[in-house]
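Trainee: The structure under discussion is supplied below as structure tokens; questions concerning it will follow.
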Amino acid sequence: MVVKRVELVTVTPSSAWIFWRSDSEGEFGVECSSTRGEGDVRAFVHTFDRLRHLALADGLEPCGRYRFRIVSPGGGRSFHSGWFRTPALPPGDFLFRFATFNDLHVGEAVSGQITLPGLPFFSFTPGFRWSGSETPFWRFTTEKVVEEINGVEGVEFVIVKGDLTAEMKPEQMSAAREMLDRLTPPYHVMRGNHDRLGADGADHLLETFRLERSWRSFEHRRHAFILLDTVMPRTGFGVFPRPQLRWLEKELRRFRRIPVFIFCHHPVMRALERFMPGRRRFLSLAASHPRVAGVFNAHSHRNKKVVMRAGGRRVPFVETAAAVEYPGGYNLYEVYAGGYVQTFHRPHDLQCSRWYEITEGEFFGLATRLQFGGMRDRNFTWVYNDGAS
């Protein structure tokens, strides 16, 4: 029996989730212990279909270093070993929790195709279809994310960072709303490049969700959240419109004394977005605020964190993976008085696991390298006015 595709997906200050596959049916155990010699940690193993497995190691200590081994029942044989470090807790009291996810692609028939705008029949990459059930992949991936977020205690709101639809069609937007309305916490939607204006010029995002405009801000427990629209209405390319930048400058002045979380669909630190109109002005504004907690993006379908250093300050720019394909999932944020913890979570579901396994083949088989990201891209602590740990 061979163990393969071991992925340490989620590491929080107190727990770790490990996924793996085996080439034949079997049972496994997981041994986990502190490298400081403080004893063993109990790990619970769940097997989806005796080929796909996950383990939860709980009761860990922040800033701890741990070893783990995937073993046969009873520990007689070791199949894989590794280690990880748990993030620190930010300083101060715990305040609240929120969640995000992005790139639902409701209505999509083929996943992983990269085409040029206006040339939908020319694809740079092969795509993947789902034949495992009559339920389309975009539905069961989104529904499982919604279900799991609803099961997390204390999530006070959810931000959905764009690409709700695949083709800007009103029926796709309606289907997205129907699933998002099942969220127990209140939610806020943003526009992605796939949610640009329809062929008839209609704005199905605003119409379906009854929004006055596609960018806005709100304050929650003395923290500010700014949701931008970086989508050119007709093409879907990235842009920071001048009126929106003027509005952003005023909002940053208004929220100058509290931490600010900024969200926009396009990842402004990625090479493909380096020439976005208005990008330089946006970066200057983000760097000017004394307490920007981070800029959080979607669109790239990958987990990635880049830190910008400006004026003696550090600002994290964080891209998060798509819900609709490998590596799949959503993000939780634990907000403290002095910082926050971001953790990436993959749905604990057999159907989702099978689909993520199929879409590992995207980008000519390089998805596992390009999309999954490093541990500190997915799971990290950020301390205000200090940095990551």
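If you're wondering about the labels, chains in the structure tokens are A, B, ... by order shown, residues count from 1 in each chain, ligands from 1 in order shown.
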Considering only C-alpha atoms, return as a PyMOL selection string whatever protein or nucleic-acid residues lie within 8 Å of Arg242 (chain A), sequence-local ones (same chain, fewer than 3 positions apart) excluded.
Mentor: chain A and resi 245-246+278
Trainee: If you keep C-alpha atoms, can you produce a file of those selected residues as a PDB file, in the first residue's frame?
Mentor:
ATOM      1  CA  LEU A 245      -9.893  55.899  -5.737  1.00  0.00           C
ATOM      2  CA  ARG A 246     -11.091  59.330  -4.603  1.00  0.00           C
ATOM      3  CA  GLY A 278      -4.805  53.187 -11.142  1.00  0.00           C
TER       4      GLY A 278
END
Trainee: With only C-alpha atoms as the counted atoms, please give the residues lying no more than 10 Å from region 309-314 of chain A, apart from itself and same-chain residues fewer than 5 positions off, as a list in words.
Mentor: Leu283, Ser284, Ala286, Ala287, Ser288, His289, Pro290, Arg291, Val292, Ala293, Gly294, Tyr384, Asn385, Asp386, Gly387 and Ala388 of chain A
Trainee: Between A:Phe79, A:Phe380, A:Leu252, A:Arg21, which residue has the minimum interatomic distance to Glu334 (chain A), considering only C-alpha atoms?
Mentor: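 Smallest separation from Glu334 (chain A) among the options: A:Phe380.
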Trainee: I'd like to know which of A:Glu171, A:Glu325, A:Asp23, A:Glu147 is closest to Thr368 (chain A), using only C-alpha atoms.
Mentor: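 When distances to Thr368 (chain A) are compared using only C-alpha atoms, the smallest one comes from A:Glu325.
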Trainee: Find the residues around Arg369 (chain A) up to 10 Å (only C-alpha atoms counted), leave out those fewer than 5 positions away in its own chain, and share them as a PyMOL selection string.
Mentor: chain A and resi 302+360+363+374
Trainee: For Asp229 (chain A), find every residue with an atom within 7 Å (counting only C-alpha atoms), except residues of its own chain fewer than 3 positions away, and show them as a ChimeraX atom specification.
Mentor: /A:190-191,214-215,264
Trainee: For Phe98 (chain A), find every residue with an atom within 6 Å (counting only C-alpha atoms), except residues of its own chain fewer than 3 positions away, and show them as a list in words.
Mentor: Val155, Glu156, Phe157, Val158, Leu332 and Tyr333 of chain A
Trainee: Report as an mmCIF file with C-alpha atoms, in the first residue's frame all protein, DNA and RNA residues lying within 9 Å of Arg50 (chain A), evaluated on only C-alpha atoms, omitting residues in the same chain fewer than 2 positions from it.
Mentor:
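Saved result, part.cif, follows:
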data_model
loop_
_atom_site.group_PDB
_atom_site.id
_atom_site.type_symbol
_atom_site.label_atom_id
_atom_site.label_comp_id
_atom_site.auth_asym_id
_atom_site.auth_seq_id
_atom_site.Cartn_x
_atom_site.Cartn_y
_atom_site.Cartn_z
ATOM 1 C CA ARG A 21 -4.645 9.438 -0.612
ATOM 2 C CA SER A 22 -3.696 5.783 -0.822
ATOM 3 C CA SER A 24 -5.485 0.812 -2.332
ATOM 4 C CA GLU A 25 -8.088 0.497 0.372
ATOM 5 C CA GLY A 26 -6.748 0.529 3.889
ATOM 6 C CA GLU A 27 -6.862 1.936 7.376
ATOM 7 C CA THR A 47 -11.608 7.950 5.845
ATOM 8 C CA PHE A 48 -13.920 9.076 3.041
ATOM 9 C CA ARG A 52 -9.095 9.322 0.613
ATOM 10 C CA HIS A 53 -8.306 10.240 4.183
#
Trainee: Closest to Val6 (chain A) among A:Pro316, A:Gly82, A:Pro170, A:Pro91, using only C-alpha atoms?
Mentor: A:Gly82
Trainee: Record the distance separating CA of Pro87 (chain A) and CA of Cys63 (chain A), expressed in Å with one decimal.
Mentor: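 Separation between CA of Pro87 (chain A) and CA of Cys63 (chain A): 5.3 Å.
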Trainee: If DSSP is run on the backbone, what residues of region 12-166 of chain A are strand (DSSP E)? A reply as an MDAnalysis selection string would be ideal.
Mentor: chainID A and resid 15:22 29:34 40:41 43:47 52:58 65:71 78:85 94:101 115:116 119:123 155:160
